[in-house]
>>> print(open('final_21.cif').read())   # mmCIF, C-alpha atoms
data_run
loop_
_atom_site.label_atom_id
_atom_site.label_comp_id
_atom_site.auth_asym_id
_atom_site.auth_seq_id
_atom_site.Cartn_x
_atom_site.Cartn_y
_atom_site.Cartn_z
CA MET A 1 127.13 110.36 103.21
CA CYS A 2 128.68 113.63 102.06
CA GLN A 3 128.96 116.26 104.82
CA ASN A 4 129.13 119.22 102.42
CA GLU A 5 125.88 121.19 102.82
CA ASN A 6 126.19 122.57 99.29
CA CYS A 7 126.65 119.17 97.69
CA ASN A 8 123.88 117.87 95.43
CA CYS A 9 124.59 114.18 96.06
CA LYS A 10 121.57 112.10 97.01
CA LYS A 11 120.89 110.83 100.52
CA PRO A 12 121.10 107.02 100.68
CA TYR A 13 118.08 104.93 101.62
CA TYR A 14 118.37 101.15 102.19
CA ILE A 15 115.20 99.04 102.27
CA THR A 16 114.95 95.25 102.49
CA THR A 17 112.28 92.58 102.48
CA ALA A 18 112.60 89.35 104.40
CA ILE A 19 114.24 86.74 102.20
CA ALA A 20 111.70 84.20 100.96
CA TYR A 21 112.11 80.63 102.17
CA THR A 22 112.68 78.25 99.26
CA SER A 23 110.29 75.54 100.43
CA GLY A 24 107.86 76.20 97.58
CA LYS A 25 106.26 78.71 95.23
CA PRO A 26 105.26 81.96 97.00
CA HIS A 27 101.55 82.76 97.21
CA ILE A 28 99.99 86.23 96.95
CA GLY A 29 100.33 86.75 100.71
CA ASN A 30 104.10 86.32 100.37
CA THR A 31 104.13 88.46 97.24
CA TYR A 32 102.40 91.35 99.01
CA GLU A 33 105.60 92.16 100.90
CA ILE A 34 107.76 92.64 97.80
CA VAL A 35 105.06 94.83 96.19
CA LEU A 36 104.80 96.98 99.33
CA ALA A 37 108.58 97.34 99.56
CA ASP A 38 108.73 98.24 95.88
CA SER A 39 106.11 100.98 96.32
CA ILE A 40 108.17 102.48 99.16
CA ALA A 41 111.40 102.23 97.15
CA ARG A 42 109.79 103.95 94.16
CA PHE A 43 108.37 106.70 96.39
CA LYS A 44 111.77 107.32 97.98
CA ARG A 45 113.43 107.51 94.56
CA GLU A 46 110.78 110.03 93.52
CA GLN A 47 111.70 112.07 96.60
CA GLY A 48 115.32 112.14 95.43
CA TYR A 49 116.89 109.43 97.60
CA ASP A 50 119.63 107.12 96.36
CA VAL A 51 117.71 103.90 97.05
CA ARG A 52 119.16 100.45 97.57
CA PHE A 53 116.39 97.81 97.54
CA GLN A 54 117.34 94.23 98.47
CA THR A 55 115.37 91.02 98.48
CA GLY A 56 116.26 87.35 97.97
CA THR A 57 115.93 83.79 99.19
CA ASP A 58 116.66 81.82 102.35
CA GLU A 59 117.83 78.40 101.17
CA HIS A 60 119.21 76.25 103.99
CA GLY A 61 117.70 74.04 106.67
CA GLN A 62 116.24 70.67 107.52
CA LYS A 63 112.91 71.40 105.84
CA ILE A 64 114.67 71.96 102.49
CA GLU A 65 116.74 68.81 102.93
CA LEU A 66 113.60 66.74 103.53
CA LYS A 67 111.69 68.29 100.62
CA ALA A 68 114.60 67.70 98.26
CA GLU A 69 114.84 64.08 99.37
CA ALA A 70 111.11 63.61 98.77
CA ALA A 71 111.47 65.14 95.31
CA GLY A 72 114.42 62.90 94.44
CA VAL A 73 116.85 65.77 93.84
CA THR A 74 119.77 67.33 95.69
CA PRO A 75 119.06 70.25 98.03
CA LYS A 76 120.94 72.60 95.70
CA GLU A 77 118.88 71.48 92.71
CA PHE A 78 115.72 71.96 94.76
CA VAL A 79 116.56 75.50 95.89
CA ASP A 80 117.80 76.50 92.44
CA ASP A 81 114.39 75.63 91.05
CA VAL A 82 112.35 77.36 93.78
CA ALA A 83 114.60 80.44 93.86
CA GLY A 84 114.03 80.72 90.14
CA GLN A 85 110.27 80.59 90.64
CA ILE A 86 110.44 83.28 93.33
CA LYS A 87 112.59 85.60 91.21
CA THR A 88 110.26 85.08 88.23
CA ILE A 89 107.25 86.18 90.29
CA TRP A 90 109.11 89.17 91.76
CA ASP A 91 109.97 90.21 88.19
CA LEU A 92 106.44 89.54 86.97
CA MET A 93 105.17 91.95 89.63
CA ASN A 94 107.47 94.64 88.20
CA THR A 95 109.44 95.12 91.41
CA SER A 96 112.51 97.33 91.14
CA TYR A 97 114.94 95.55 93.49
CA ASP A 98 118.66 96.27 93.11
CA LYS A 99 119.94 93.04 94.65
CA PHE A 100 118.52 89.51 94.76
CA ILE A 101 120.65 87.66 97.30
CA ARG A 102 120.66 83.91 97.82
CA THR A 103 122.03 82.39 101.03
CA THR A 104 123.77 79.78 98.87
CA ASP A 105 125.85 82.56 97.27
CA ALA A 106 129.52 81.83 97.88
CA ASP A 107 130.35 85.29 99.26
CA HIS A 108 127.44 85.11 101.73
CA GLU A 109 128.45 81.64 102.93
CA ALA A 110 132.07 82.74 103.42
CA GLN A 111 131.04 85.70 105.56
CA VAL A 112 128.65 83.62 107.68
CA GLN A 113 131.53 81.29 108.51
CA LYS A 114 133.70 84.26 109.47
CA ILE A 115 130.92 85.78 111.58
CA PHE A 116 130.37 82.50 113.43
CA LYS A 117 134.11 82.21 114.18
CA LYS A 118 134.34 85.84 115.33
CA LEU A 119 131.42 85.46 117.72
CA TYR A 120 132.87 82.19 119.02
CA ASP A 121 136.33 83.69 119.56
CA GLN A 122 134.93 86.61 121.55
CA GLY A 123 132.89 84.30 123.79
CA ASP A 124 129.41 85.06 122.49
CA ILE A 125 128.99 81.53 121.10
CA TYR A 126 129.71 78.38 123.12
CA LYS A 127 129.23 74.66 122.59
CA GLY A 128 126.52 72.91 124.57
CA TYR A 129 123.85 70.29 124.35
CA TYR A 130 120.27 70.84 123.30
CA GLU A 131 117.25 68.90 124.42
CA GLY A 132 113.82 70.29 123.68
CA LEU A 133 110.80 70.29 121.42
CA TYR A 134 111.45 71.04 117.77
CA CYS A 135 109.15 72.34 115.01
CA THR A 136 110.58 71.32 111.64
CA PRO A 137 108.52 73.75 109.47
CA CYS A 138 109.55 76.72 111.65
CA GLU A 139 113.03 75.29 112.33
CA SER A 140 112.70 76.38 115.96
CA PHE A 141 113.18 74.80 119.38
CA PHE A 142 110.68 75.44 122.16
CA THR A 143 110.30 74.57 125.81
CA GLU A 144 107.15 72.88 127.11
CA SER A 145 105.95 76.17 128.62
CA GLN A 146 106.25 77.97 125.27
CA LEU A 147 103.89 75.60 123.46
CA VAL A 148 100.26 76.50 122.81
CA ASP A 149 97.93 73.56 123.39
CA GLY A 150 100.98 71.32 123.08
CA LYS A 151 101.85 72.62 119.62
CA CYS A 152 104.24 75.12 118.01
CA PRO A 153 103.33 78.64 119.17
CA ASP A 154 104.25 80.09 115.77
CA CYS A 155 102.54 77.79 113.26
CA GLY A 156 100.32 75.50 115.36
CA ARG A 157 101.89 72.29 114.05
CA GLU A 158 103.07 69.27 116.01
CA VAL A 159 106.51 69.39 117.64
CA GLN A 160 108.91 66.51 118.19
CA PRO A 161 111.42 65.83 120.97
CA ALA A 162 114.97 66.58 119.80
CA LYS A 163 118.33 66.13 121.44
CA GLU A 164 121.70 66.99 119.97
CA GLU A 165 125.02 68.74 120.46
CA ALA A 166 124.85 72.38 119.40
CA TYR A 167 126.46 75.78 119.64
CA PHE A 168 124.57 78.52 121.46
CA PHE A 169 124.62 82.31 121.36
CA ARG A 170 124.58 84.16 124.71
CA MET A 171 121.45 86.22 124.14
CA SER A 172 121.10 87.27 127.78
CA LYS A 173 124.46 89.06 127.60
CA TYR A 174 122.91 91.75 125.39
CA ALA A 175 119.29 91.74 126.60
CA ASP A 176 119.51 94.78 128.90
CA ARG A 177 121.31 96.75 126.21
CA LEU A 178 118.59 95.91 123.67
CA ILE A 179 115.79 96.83 126.10
CA ALA A 180 117.44 100.20 126.69
CA TYR A 181 117.84 100.75 122.95
CA ILE A 182 114.18 100.01 122.23
CA ASN A 183 113.07 102.35 125.02
CA GLU A 184 115.34 105.11 123.68
CA HIS A 185 114.29 104.60 120.05
CA PRO A 186 110.48 104.24 119.95
CA GLU A 187 110.58 104.29 116.13
CA PHE A 188 112.74 101.13 115.97
CA ILE A 189 109.89 98.58 116.10
CA GLN A 190 106.69 99.46 114.28
CA PRO A 191 103.74 99.33 114.62
CA VAL A 192 103.79 100.00 118.37
CA SER A 193 101.72 96.86 119.04
CA ARG A 194 104.64 94.75 117.76
CA LYS A 195 107.06 96.55 120.08
CA ASN A 196 104.85 95.92 123.09
CA GLU A 197 104.57 92.24 122.17
CA MET A 198 108.35 91.82 121.93
CA MET A 199 109.03 93.63 125.18
CA ASN A 200 106.32 92.00 127.28
CA ASN A 201 106.43 88.46 125.88
CA PHE A 202 110.13 87.94 125.24
CA LEU A 203 112.58 90.55 126.50
CA LEU A 204 111.25 91.45 129.93
CA PRO A 205 110.60 87.83 131.05
CA GLY A 206 114.25 87.04 130.19
CA LEU A 207 115.97 85.68 127.08
CA GLN A 208 117.21 82.13 126.77
CA ASP A 209 120.43 81.45 124.89
CA LEU A 210 119.84 80.73 121.21
CA CYS A 211 120.76 77.53 119.38
CA VAL A 212 122.89 78.56 116.35
CA SER A 213 124.10 75.22 114.95
CA ARG A 214 122.73 71.77 114.14
CA THR A 215 124.20 68.30 113.62
CA SER A 216 121.05 66.32 112.73
CA PHE A 217 121.12 67.46 109.08
CA THR A 218 123.80 68.62 106.64
CA TRP A 219 122.12 71.15 104.33
CA GLY A 220 123.57 74.33 105.75
CA ILE A 221 126.76 76.37 105.97
CA PRO A 222 129.37 74.28 107.81
CA VAL A 223 130.95 75.70 110.94
CA ALA A 224 134.51 76.14 109.66
CA PHE A 225 136.27 74.95 112.82
CA ASP A 226 133.77 72.15 113.61
CA PRO A 227 132.38 70.91 110.27
CA LYS A 228 129.99 68.31 111.70
CA HIS A 229 127.90 71.36 112.69
CA VAL A 230 126.02 73.53 110.20
CA THR A 231 125.01 77.10 110.96
CA TYR A 232 121.44 77.26 112.15
CA VAL A 233 118.89 79.27 110.20
CA TRP A 234 118.77 82.71 111.81
CA LEU A 235 122.49 83.40 112.07
CA ASP A 236 122.66 82.46 108.38
CA ALA A 237 119.49 84.11 107.08
CA LEU A 238 119.51 87.42 108.98
CA THR A 239 123.06 88.30 108.04
CA ASN A 240 122.01 88.60 104.38
CA TYR A 241 121.13 92.24 105.07
CA ILE A 242 124.81 93.08 105.53
CA THR A 243 126.54 90.46 103.37
CA GLY A 244 124.43 91.65 100.41
CA LEU A 245 126.10 95.06 100.82
CA GLY A 246 129.62 93.66 100.89
CA TYR A 247 130.10 93.46 104.66
CA ASP A 248 133.42 91.83 105.55
CA CYS A 249 133.98 90.39 109.01
CA ASP A 250 137.68 91.32 108.77
CA GLY A 251 136.80 94.98 108.32
CA ASN A 252 137.43 95.28 104.59
CA HIS A 253 133.89 96.34 103.81
CA GLY A 254 132.70 97.09 100.31
CA GLU A 255 131.67 100.56 99.18
CA LEU A 256 127.97 99.68 99.32
CA PHE A 257 128.17 98.69 102.98
CA GLU A 258 129.91 101.92 103.92
CA LYS A 259 127.27 103.88 101.99
CA TYR A 260 124.00 102.18 102.94
CA TRP A 261 124.36 100.57 106.37
CA PRO A 262 122.51 100.89 108.72
CA ALA A 263 119.33 99.97 106.87
CA ASP A 264 116.56 102.53 106.91
CA LEU A 265 113.81 99.90 106.84
CA HIS A 266 113.51 96.13 107.24
CA LEU A 267 110.02 95.30 105.97
CA ILE A 268 108.91 91.89 107.24
CA GLY A 269 105.84 89.82 108.08
CA LYS A 270 104.53 90.01 111.64
CA ASP A 271 105.23 86.28 112.15
CA ILE A 272 109.01 86.83 112.05
CA ILE A 273 109.13 90.07 114.03
CA ARG A 274 110.80 88.34 116.99
CA PHE A 275 113.79 87.22 114.95
CA HIS A 276 114.31 90.68 113.43
CA THR A 277 113.82 92.76 116.57
CA ILE A 278 115.54 90.53 119.13
CA TYR A 279 117.98 88.10 117.49
CA TRP A 280 119.13 90.38 114.68
CA PRO A 281 119.88 93.51 116.73
CA ILE A 282 121.71 91.40 119.29
CA PHE A 283 123.85 89.82 116.55
CA LEU A 284 124.65 93.33 115.31
CA MET A 285 125.55 94.50 118.81
CA ALA A 286 127.92 91.55 119.12
CA LEU A 287 129.50 92.51 115.78
CA ASP A 288 129.76 96.14 116.97
CA LEU A 289 127.58 97.36 114.10
CA PRO A 290 124.80 99.98 114.18
CA LEU A 291 121.23 98.72 114.28
CA PRO A 292 118.72 99.25 111.46
CA LYS A 293 116.69 102.41 111.87
CA GLN A 294 113.32 100.66 111.73
CA VAL A 295 111.79 97.18 111.55
CA PHE A 296 108.18 97.19 110.38
CA GLY A 297 106.11 94.04 110.93
CA HIS A 298 103.31 94.16 108.38
CA PRO A 299 100.08 92.13 108.77
CA TRP A 300 99.00 89.13 106.69
CA LEU A 301 96.93 88.99 103.55
CA LEU A 302 94.30 86.36 104.31
CA GLN A 303 91.83 84.37 102.31
CA GLY A 304 88.22 84.71 103.41
CA ASP A 305 88.52 81.62 105.62
CA GLY A 306 91.81 82.51 107.25
CA LYS A 307 95.57 82.37 106.61
CA MET A 308 96.52 80.91 103.25
CA SER A 309 97.67 77.32 103.44
CA LYS A 310 98.34 74.68 100.82
CA SER A 311 96.84 72.07 103.14
CA LYS A 312 93.60 74.10 103.26
CA GLY A 313 93.61 74.47 99.50
CA ASN A 314 92.92 78.20 99.76
CA VAL A 315 96.11 79.53 98.20
CA LEU A 316 96.07 82.22 95.52
CA TYR A 317 99.18 82.81 93.42
CA ALA A 318 100.30 86.12 91.96
CA ASP A 319 100.85 84.79 88.44
CA THR A 320 97.31 83.34 88.34
CA LEU A 321 95.83 86.69 89.40
CA VAL A 322 98.02 88.59 86.95
CA ASP A 323 96.87 86.39 84.06
CA PHE A 324 93.30 87.42 84.83
CA PHE A 325 93.55 91.04 86.08
CA GLY A 326 96.97 92.30 84.93
CA VAL A 327 100.01 93.31 87.00
CA ASP A 328 99.03 96.86 87.93
CA ALA A 329 95.53 95.84 89.01
CA VAL A 330 96.93 93.15 91.34
CA ARG A 331 99.50 95.58 92.75
CA TYR A 332 96.74 98.14 93.33
CA PHE A 333 94.54 95.65 95.12
CA VAL A 334 97.10 94.37 97.63
CA LEU A 335 98.32 97.87 98.44
CA HIS A 336 94.78 99.22 98.81
CA GLU A 337 93.39 96.37 100.91
CA MET A 338 96.16 96.07 103.50
CA PRO A 339 95.93 98.31 106.58
CA PHE A 340 99.21 98.46 108.47
CA GLU A 341 97.79 97.32 111.82
CA ASN A 342 95.29 94.62 110.82
CA ASP A 343 95.21 91.70 108.42
CA GLY A 344 93.70 92.21 104.98
CA VAL A 345 91.54 89.84 102.97
CA ILE A 346 91.75 88.73 99.34
CA SER A 347 89.42 86.64 97.21
CA TRP A 348 88.35 86.46 93.58
CA GLU A 349 85.09 88.19 94.47
CA LEU A 350 86.83 91.04 96.30
CA MET A 351 89.28 91.47 93.44
CA VAL A 352 86.47 91.80 90.89
CA GLU A 353 84.56 94.21 93.13
CA ARG A 354 87.60 96.44 93.65
CA MET A 355 88.51 96.44 89.96
CA ASN A 356 84.97 97.41 88.94
CA SER A 357 84.53 99.98 91.69
CA ASP A 358 87.88 101.80 91.74
CA LEU A 359 89.63 101.15 88.47
CA ALA A 360 86.71 100.90 86.06
CA ASN A 361 84.01 103.11 87.57
CA ILE A 362 86.10 105.79 89.33
CA LEU A 363 89.46 105.99 87.59
CA GLY A 364 88.18 104.71 84.25
CA ASN A 365 85.26 107.12 84.29
CA LEU A 366 87.55 110.05 85.19
CA VAL A 367 89.94 109.26 82.33
CA ASN A 368 87.08 108.79 79.88
CA ARG A 369 85.41 112.08 80.83
CA THR A 370 88.73 113.96 80.75
CA ILE A 371 89.62 112.67 77.29
CA SER A 372 86.11 113.28 75.95
CA MET A 373 86.04 116.90 77.18
CA SER A 374 89.60 117.50 75.95
CA ASN A 375 88.61 116.31 72.49
CA LYS A 376 85.34 118.28 72.52
CA TYR A 377 86.62 121.63 73.78
CA PHE A 378 90.36 121.66 73.06
CA GLY A 379 90.76 119.53 69.94
CA GLY A 380 92.43 116.77 71.93
CA GLU A 381 95.44 119.01 72.69
CA VAL A 382 96.76 119.14 76.27
CA ARG A 383 98.15 122.56 77.14
CA ASN A 384 98.60 124.84 80.14
CA GLY A 385 95.71 127.27 80.08
CA GLY A 386 96.94 129.17 83.13
CA ALA A 387 93.69 128.57 85.03
CA ALA A 388 93.78 130.44 88.32
CA ASP A 389 90.22 130.60 89.56
CA ALA A 390 89.45 129.91 93.23
CA VAL A 391 88.20 126.42 92.45
CA ASP A 392 91.49 125.66 90.71
CA GLU A 393 93.50 126.84 93.71
CA ASP A 394 91.42 124.64 96.01
CA LEU A 395 92.14 121.62 93.85
CA LYS A 396 95.87 122.39 93.71
CA ASN A 397 95.99 122.78 97.49
CA VAL A 398 94.22 119.47 98.07
CA VAL A 399 96.72 117.68 95.81
CA LEU A 400 99.83 119.33 97.26
CA GLU A 401 98.72 118.90 100.87
CA SER A 402 97.96 115.22 100.24
CA VAL A 403 101.53 114.72 99.02
CA LYS A 404 102.91 116.42 102.12
CA LYS A 405 100.75 114.24 104.38
CA ALA A 406 101.96 111.09 102.62
CA GLU A 407 105.60 112.17 102.96
CA ALA A 408 105.13 112.94 106.66
CA ARG A 409 103.75 109.47 107.35
#
>>> encode(input="final_21.cif", output="structure tokens")
Amino acid sequence: MCQNENCNCKKPYYITTAIAYTSGKPHIGNTYEIVLADSIARFKREQGYDVRFQTGTDEHGQKIELKAEAAGVTPKEFVDDVAGQIKTIWDLMNTSYDKFIRTTDADHEAQVQKIFKKLYDQGDIYKGYYEGLYCTPCESFFTESQLVDGKCPDCGREVQPAKEEAYFFRMSKYADRLIAYINEHPEFIQPVSRKNEMMNNFLLPGLQDLCVSRTSFTWGIPVAFDPKHVTYVWLDALTNYITGLGYDCDGNHGELFEKYWPADLHLIGKDIIRFHTIYWPIFLMALDLPLPKQVFGHPWLLQGDGKMSKSKGNVLYADTLVDFFGVDAVRYFVLHEMPFENDGVISWELMVERMNSDLANILGNLVNRTISMSNKYFGGEVRNGGAADAVDEDLKNVVLESVKKAEAR
């Protein structure tokens, strides 16, 4: 950023969503995140920031390999199709992203291989042997004590015993440094409830080393110096936030990286807060890179009977809702209904109620009355009448103060 106080160049602002997993078409709960990020990006542009807004797709892993096999196609064909569906919905929702990254992009894959080698050479990654309980949908290993009622603590599904050679990252090496950073930067993890959860449930009890490669499947980025291993999901997926800016492990960074990193905001779902506030900052520390300024774990958008799930048959899709209500109405609903601390709820009935109440009765009535009175008293011509009565000043102050309050938050 320019250091000249008299310069009119814009201050950079880098915002990202989590990259969507290409296991299937995203539902409205997934779509909420891109709409929220887009509203923030648009607001920051309106404030005069030079915004970089990145989203994309996470395309490797055992789950993809199995789904592609079941569909009778190659993994690349499978992810090409799903990534296309995701991008189509993001575009349908009129989101103004600047970069749509895919983890199958050649430049991303090349940098992941370099990052893996760098971390191995400096002793942060070592080869070992893994034996534990594995959740395929979450692509995560767990110990017996981490399970909840014998099932995956993240998604509640069954886990299977797994045993294989793997590379591991020395998480404990950086744990104290991360704890100190979080304590010194209370704004880093938001909302505060997420920070407390990460500190009390994961960091303070002690971090176990993290599995960062697999040999039981092949759909992943090969470890360059040991190609029977593929890079495990989080070291691949999380690094998109820097590779999408032109980060180069050899130090020859692109102009975008120099301009926009560190990120101002990683906007993610609360279910992946652990990976973004523990694994990701530790990876960055190991790479000697500054940490993002804030990670915000937003709540879920639920159906009336709980979290959306294809197995429950309670999934709503953005394109279906848009066909019925229109893009702006759907965007309005998800942004209005989602508090930042608690889960929100969506249903056809709630959508209709909100459209009738807010958009038709309140906003629609206001527009109708304004146009009618403009036509009746001013011949339909909009002009500045220089109104300066006390009631006008009160209205102006309410509007201007509301803007200031929104900016402050």
>>> residues_around(input="final_21.cif", residues="Gly48 (chain A)", least_positions_apart="2", cutoff="12 Å", atoms="all atoms listed in the file", output="CSV table (one decimal) with C-alpha atoms, keeping the file's coordinate frame")
chain,number,residue,atom,x,y,z
A,8,ASN,CA,123.9,117.9,95.4
A,9,CYS,CA,124.6,114.2,96.1
A,10,LYS,CA,121.6,112.1,97.0
A,11,LYS,CA,120.9,110.8,100.5
A,12,PRO,CA,121.1,107.0,100.7
A,13,TYR,CA,118.1,104.9,101.6
A,41,ALA,CA,111.4,102.2,97.2
A,42,ARG,CA,109.8,104.0,94.2
A,43,PHE,CA,108.4,106.7,96.4
A,44,LYS,CA,111.8,107.3,98.0
A,45,ARG,CA,113.4,107.5,94.6
A,46,GLU,CA,110.8,110.0,93.5
A,50,ASP,CA,119.6,107.1,96.4
A,51,VAL,CA,117.7,103.9,97.0
>>> resolve_selection(input="final_21.cif", expression="the PyMOL selection byres ((chain A and resi 67) around 12)", output="list in words")
Thr22, Ser23, Gly24, Glu59, His60, Gly61, Gln62, Lys63, Ile64, Glu65, Leu66, Ala68, Glu69, Ala70, Ala71, Gly72, Val73, Thr74, Pro75, Lys76, Glu77, Phe78, Val79, Val82, Thr136, Pro137 and Trp219 of chain A
>>> resolve_selection(input="final_21.cif", expression="the PyMOL selection byres ((chain A and resi 160-165) around 6)", output="NGL selection string")
:A and (129-134 or 159 or 166)
>>> residues_around(input="final_21.cif", residues="Ile278 (chain A)", least_positions_apart="4", cutoff="10 Å", atoms="all atoms listed in the file", output="list in words")
Met171, Tyr174, Ala175, Leu178, Ile179, Met198, Met199, Phe202, Leu203, Leu207, Ile273, Arg274, Ile282 and Phe283 of chain A
>>> atom_distance(input="final_21.cif", atom1="CA of Phe168 (chain A)", atom2="CA of Gln190 (chain A)")
28.5 Å
>>> residues_around(input="final_21.cif", residues="Leu335 (chain A)", least_positions_apart="2", cutoff="8 Å", atoms="all atoms listed in the file", output="count of residues only")
8
>>> closest_residue(input="final_21.cif", among="A:Met308, A:Leu363, A:Pro299, A:Pro292", to="Ala329 (chain A)", atoms="only C-alpha atoms")
A:Leu363
>>> resolve_selection(input="final_21.cif", expression="the PyMOL selection byres ((chain A and resi 270) around 6)", output="VMD selection string")
chain A and resid 269 271 to 273 297 to 299
>>> atom_distance(input="final_21.cif", atom1="CA of Thr104 (chain A)", atom2="CA of Arg214 (chain A)")
17.3 Å
>>> residues_around(input="final_21.cif", residues="Gln146 (chain A)", least_positions_apart="3", cutoff="12 Å", atoms="only C-alpha atoms", output="PDB file with C-alpha atoms, in the coordinates of the input")
ATOM      1  CA  GLY A 132     113.820  70.290 123.680  1.00  0.00           C
ATOM      2  CA  LEU A 133     110.800  70.290 121.420  1.00  0.00           C
ATOM      3  CA  TYR A 134     111.450  71.040 117.770  1.00  0.00           C
ATOM      4  CA  SER A 140     112.700  76.380 115.960  1.00  0.00           C
ATOM      5  CA  PHE A 141     113.180  74.800 119.380  1.00  0.00           C
ATOM      6  CA  PHE A 142     110.680  75.440 122.160  1.00  0.00           C
ATOM      7  CA  THR A 143     110.300  74.570 125.810  1.00  0.00           C
ATOM      8  CA  ASP A 149      97.930  73.560 123.390  1.00  0.00           C
ATOM      9  CA  GLY A 150     100.980  71.320 123.080  1.00  0.00           C
ATOM     10  CA  LYS A 151     101.850  72.620 119.620  1.00  0.00           C
ATOM     11  CA  CYS A 152     104.240  75.120 118.010  1.00  0.00           C
ATOM     12  CA  PRO A 153     103.330  78.640 119.170  1.00  0.00           C
ATOM     13  CA  ASP A 154     104.250  80.090 115.770  1.00  0.00           C
ATOM     14  CA  GLY A 156     100.320  75.500 115.360  1.00  0.00           C
ATOM     15  CA  VAL A 159     106.510  69.390 117.640  1.00  0.00           C
ATOM     16  CA  ASN A 201     106.430  88.460 125.880  1.00  0.00           C
ATOM     17  CA  PHE A 202     110.130  87.940 125.240  1.00  0.00           C
ATOM     18  CA  GLN A 208     117.210  82.130 126.770  1.00  0.00           C
TER      19      GLN A 208
END
>>> residues_around(input="final_21.cif", residues="Ile346 (chain A)", least_positions_apart="4", cutoff="8 Å", atoms="all atoms listed in the file", output="VMD selection string")
chain A and resid 301 to 304 334 337 350 to 351
>>> atom_distance(input="final_21.cif", atom1="CA of Arg369 (chain A)", atom2="CA of Asn356 (chain A)")
16.8 Å
>>> residues_near_point(input="final_21.cif", point="(132.4, 83.3, 119.5)", cutoff="12 Å", atoms="all atoms listed in the file", output="VMD selection string")
chain A and resid 113 to 127 167 to 170 212 223 225 283 286 to 287
>>> closest_residue(input="final_21.cif", among="A:His108, A:His276, A:Arg409, A:Arg157", to="Leu291 (chain A)", atoms="all atoms listed in the file")
A:His276
>>> closest_residue(input="final_21.cif", among="A:Asn342, A:Gln294, A:Thr277, A:Thr55", to="Gly244 (chain A)", atoms="only C-alpha atoms")
A:Thr55
>>> closest_residue(input="final_21.cif", among="A:Glu349, A:Leu395, A:Gly206, A:Tyr181", to="Pro290 (chain A)", atoms="all atoms listed in the file")
A:Tyr181
>>> closest_residue(input="final_21.cif", among="A:Ser213, A:Asn365, A:Ser372, A:Asn314", to="Glu139 (chain A)", atoms="all atoms listed in the file")
A:Ser213
>>> closest_residue(input="final_21.cif", among="A:Trp348, A:Ser374, A:His336, A:Glu381", to="Ser39 (chain A)", atoms="only C-alpha atoms")
A:His336
>>> axis_aligned_box(input="final_21.cif", around="region 190-199 of chain A", padding_each_side="4 Å", output="AutoDock Vina command-line options")
--center_x 105.4 --center_y 95.9 --center_z 119.7 --size_x 15.3 --size_y 16.2 --size_z 18.9
>>> residues_near_point(input="final_21.cif", point="(115.6, 101.4, 111.3)", cutoff="8 Å", atoms="all atoms listed in the file", output="PDB file with C-alpha atoms, in the coordinates of the input")
ATOM      1  CA  GLU A 187     110.580 104.290 116.130  1.00  0.00           C
ATOM      2  CA  PHE A 188     112.740 101.130 115.970  1.00  0.00           C
ATOM      3  CA  ILE A 189     109.890  98.580 116.100  1.00  0.00           C
ATOM      4  CA  PRO A 262     122.510 100.890 108.720  1.00  0.00           C
ATOM      5  CA  ALA A 263     119.330  99.970 106.870  1.00  0.00           C
ATOM      6  CA  ASP A 264     116.560 102.530 106.910  1.00  0.00           C
ATOM      7  CA  LEU A 265     113.810  99.900 106.840  1.00  0.00           C
ATOM      8  CA  HIS A 266     113.510  96.130 107.240  1.00  0.00           C
ATOM      9  CA  LEU A 291     121.230  98.720 114.280  1.00  0.00           C
ATOM     10  CA  PRO A 292     118.720  99.250 111.460  1.00  0.00           C
ATOM     11  CA  LYS A 293     116.690 102.410 111.870  1.00  0.00           C
ATOM     12  CA  GLN A 294     113.320 100.660 111.730  1.00  0.00           C
ATOM     13  CA  VAL A 295     111.790  97.180 111.550  1.00  0.00           C
TER      14      VAL A 295
END
